[in-house]
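J.: Sharing entry-v9.cif here; it has mmCIF, C-alpha atoms and all ligand atoms.
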data_structure
loop_
_atom_site.label_atom_id
_atom_site.label_comp_id
_atom_site.auth_asym_id
_atom_site.auth_seq_id
_atom_site.Cartn_x
_atom_site.Cartn_y
_atom_site.Cartn_z
CA MET A 1 0.00 0.00 0.00
CA ALA A 2 1.23 3.54 -0.74
CA TYR A 3 2.66 5.51 2.19
CA ASP A 4 0.08 7.95 3.61
CA THR A 5 1.89 11.31 3.87
CA ASN A 6 -0.90 12.61 6.12
CA ASN A 7 -0.42 10.10 8.93
CA ILE A 8 0.18 11.57 12.40
CA PHE A 9 3.88 10.72 12.56
CA ALA A 10 4.52 12.25 9.12
CA LYS A 11 2.88 15.42 10.47
CA ILE A 12 5.08 15.28 13.58
CA LEU A 13 8.17 14.93 11.34
CA ARG A 14 7.06 17.99 9.33
CA GLY A 15 6.53 19.94 12.58
CA GLU A 16 2.79 20.28 11.92
CA ILE A 17 1.86 18.50 15.18
CA PRO A 18 3.84 19.04 18.40
CA CYS A 19 5.51 16.23 20.31
CA THR A 20 7.70 15.85 23.37
CA LYS A 21 10.99 15.11 21.66
CA VAL A 22 13.60 13.08 23.50
CA TYR A 23 16.14 12.48 20.72
CA GLU A 24 16.67 13.45 17.09
CA ASP A 25 19.35 12.89 14.49
CA GLU A 26 19.57 12.94 10.69
CA HIS A 27 17.68 9.65 10.27
CA THR A 28 15.45 9.20 13.33
CA LEU A 29 13.25 10.90 15.91
CA ALA A 30 12.19 9.73 19.39
CA PHE A 31 9.32 11.25 21.36
CA MET A 32 6.95 10.46 24.20
CA ASP A 33 3.77 8.50 23.41
CA ILE A 34 0.64 10.65 23.85
CA MET A 35 -1.28 7.75 25.47
CA PRO A 36 1.44 5.97 27.47
CA GLN A 37 0.94 2.30 28.29
CA ALA A 38 3.67 2.68 30.95
CA ASP A 39 5.51 5.63 32.53
CA GLY A 40 8.24 6.65 30.10
CA HIS A 41 6.58 5.05 27.04
CA THR A 42 8.67 6.35 24.15
CA LEU A 43 8.34 5.98 20.38
CA VAL A 44 11.23 5.84 17.91
CA ILE A 45 10.49 6.56 14.26
CA THR A 46 12.50 6.76 11.05
CA LYS A 47 12.62 9.90 8.95
CA GLU A 48 12.44 7.70 5.87
CA PRO A 49 8.76 7.43 4.92
CA ALA A 50 7.78 3.77 5.39
CA GLU A 51 4.67 2.09 6.73
CA THR A 52 6.22 -1.11 8.07
CA LEU A 53 9.60 -2.72 8.69
CA LEU A 54 9.30 -4.43 5.31
CA ASP A 55 9.02 -1.10 3.47
CA LEU A 56 12.17 0.33 5.05
CA SER A 57 15.58 0.46 3.33
CA PRO A 58 18.31 -1.56 5.08
CA GLU A 59 20.22 1.69 5.71
CA ALA A 60 17.24 3.34 7.43
CA ALA A 61 16.60 0.16 9.42
CA ALA A 62 20.21 0.16 10.64
CA ALA A 63 20.02 3.82 11.73
CA TRP A 64 16.68 3.15 13.42
CA ILE A 65 17.90 0.22 15.54
CA LYS A 66 20.94 2.25 16.59
CA THR A 67 18.61 4.95 17.89
CA VAL A 68 16.34 2.37 19.54
CA GLN A 69 19.37 1.04 21.43
CA LYS A 70 20.57 4.53 22.43
CA VAL A 71 17.15 5.77 23.55
CA SER A 72 16.29 2.48 25.33
CA LYS A 73 19.45 2.86 27.40
CA ALA A 74 18.51 6.44 28.32
CA VAL A 75 14.89 5.53 29.11
CA LYS A 76 15.94 2.54 31.25
CA THR A 77 18.27 4.75 33.27
CA ALA A 78 15.82 7.65 33.53
CA MET A 79 12.95 5.42 34.69
CA GLY A 80 15.14 3.35 37.04
CA VAL A 81 13.81 0.03 35.74
CA GLU A 82 15.58 -3.32 35.54
CA GLY A 83 14.04 -4.21 32.18
CA PHE A 84 11.96 -2.86 29.33
CA VAL A 85 9.81 -4.13 26.45
CA LEU A 86 10.29 -3.27 22.78
CA MET A 87 7.16 -3.56 20.64
CA GLN A 88 6.89 -3.05 16.91
CA LEU A 89 3.67 -3.74 14.99
CA ASN A 90 3.53 -4.22 11.23
CA GLY A 91 0.21 -3.68 9.47
CA ALA A 92 -3.33 -2.97 10.64
CA ALA A 93 -3.88 -6.73 10.87
CA ALA A 94 -1.21 -6.82 13.59
CA GLY A 95 -2.79 -3.86 15.42
CA GLN A 96 -0.68 -1.04 13.97
CA THR A 97 -2.73 2.16 14.21
CA VAL A 98 -0.28 4.77 12.88
CA PRO A 99 1.00 3.77 9.41
CA HIS A 100 4.56 5.04 9.87
CA VAL A 101 7.06 2.48 11.10
CA HIS A 102 7.84 2.83 14.83
CA PHE A 103 9.23 1.05 17.86
CA HIS A 104 7.59 1.36 21.25
CA ILE A 105 10.00 1.44 24.21
CA LEU A 106 8.02 0.38 27.28
CA PRO A 107 9.84 0.57 30.62
CA SER A 108 7.66 -2.17 32.09
CA SER A 109 7.30 -5.92 32.20
CA LEU A 110 5.28 -7.85 29.64
CA GLY A 111 3.06 -9.16 32.45
CA ALA A 112 2.23 -5.66 33.68
CA LEU A 113 1.45 -4.51 30.14
CA MET A 114 -0.87 -7.46 29.54
CA THR A 115 -2.93 -6.79 32.64
CA ARG A 116 -3.59 -3.14 31.66
P1 LIG B 1 0.64 1.51 17.09
O1 LIG B 1 -0.68 1.06 17.60
O2 LIG B 1 0.53 2.01 15.67
O3 LIG B 1 1.73 0.49 17.27
O4 LIG B 1 1.07 2.72 18.00
C1 LIG B 1 0.79 4.05 17.73
C2 LIG B 1 1.11 4.84 18.97
O5 LIG B 1 1.10 6.21 18.64
C3 LIG B 1 0.11 4.66 20.12
O6 LIG B 1 0.77 4.20 21.28
C4 LIG B 1 -0.48 6.06 20.31
O7 LIG B 1 -0.72 6.37 21.65
C5 LIG B 1 0.59 6.94 19.71
N1 LIG B 1 0.08 8.19 19.17
C6 LIG B 1 -1.02 8.35 18.38
N2 LIG B 1 -1.18 9.64 18.06
C7 LIG B 1 -0.15 10.32 18.64
C8 LIG B 1 0.21 11.71 18.65
O8 LIG B 1 -0.42 12.58 18.07
N3 LIG B 1 1.32 12.03 19.36
C9 LIG B 1 2.07 11.07 20.02
N4 LIG B 1 3.13 11.52 20.70
N5 LIG B 1 1.75 9.78 20.04
C10 LIG B 1 0.65 9.39 19.34
#
Starting from the coordinates I provided, produce the structure as structure tokens.
T.:
Amino acid sequence: MAYDTNNIFAKILRGEIPCTKVYEDEHTLAFMDIMPQADGHTLVITKEPAETLLDLSPEAAAAWIKTVQKVSKAVKTAMGVEGFVLMQLNGAAAGQTVPHVHFHILPSSLGALMTR
């Protein structure tokens, strides 16, 4: 399916919608989730327009995972947690609601997330 340039994260990247930014570089952006499933719930997106992991270039995917690692480390320290969950949904059939590829960083346990 063609990338929807009017999705919420594309608007955030263009600065049309505000976000609480926690990290940005040439290829990626990280910001706080507006409806956190855990304290410190952070999203990491690519600047390359892509709906799912499978639409992303290998170069953008590499930059993205580097940022996920960097921001996860910062979030883990900031939230004082022992562990965290990474979640990444691909396609509406999997539950993806915003059609721009993103990782969720959830400073929580899987058990706690499942009982929410
Ligand atoms: P998905 O269900 O696609 O994996 O996750 C989309 C995430 O984007 C959800 O956790 C939702 O709370 C978050 N979200 C949706 N709209 C906005 C927004 O306008 N700003 C921010 N910061 N997060 C959003």
J.: Quick one: residues within 6 Å of ligand LIG 1 (chain B), with only C-alpha atoms and all ligand atoms, as a count of residues only?
T.: 11
J.: Tell me which of A:Ala93, A:Ser108, A:Ala60, A:Pro99 sits closest to Lys11 (chain A), counting all atoms listed in the file.
T.: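 For Lys11 (chain A), the nearest of the given residues is A:Pro99.
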J.: Report, in Å with one decimal, the straight-line distance from CA of Thr42 (chain A) to CA of Ala30 (chain A).
T.: 6.8 Å
J.: Quick one: axis-aligned box around all listed atoms of region 73-92 of chain A, 3 Å on every side, centre and edge lengths in Å to one decimal, written as AutoDock Vina command-line options.
T.:
--center_x 8.1 --center_y 1.7 --center_z 23.3 --size_x 28.8 --size_y 17.9 --size_z 33.6
J.: Fewer than 5 positions away in the same chain doesn't count, so skip those; otherwise give me all residues within 12 Å of Thr67 (chain A), counting all atoms listed in the file, as a count of residues only.
T.: 26
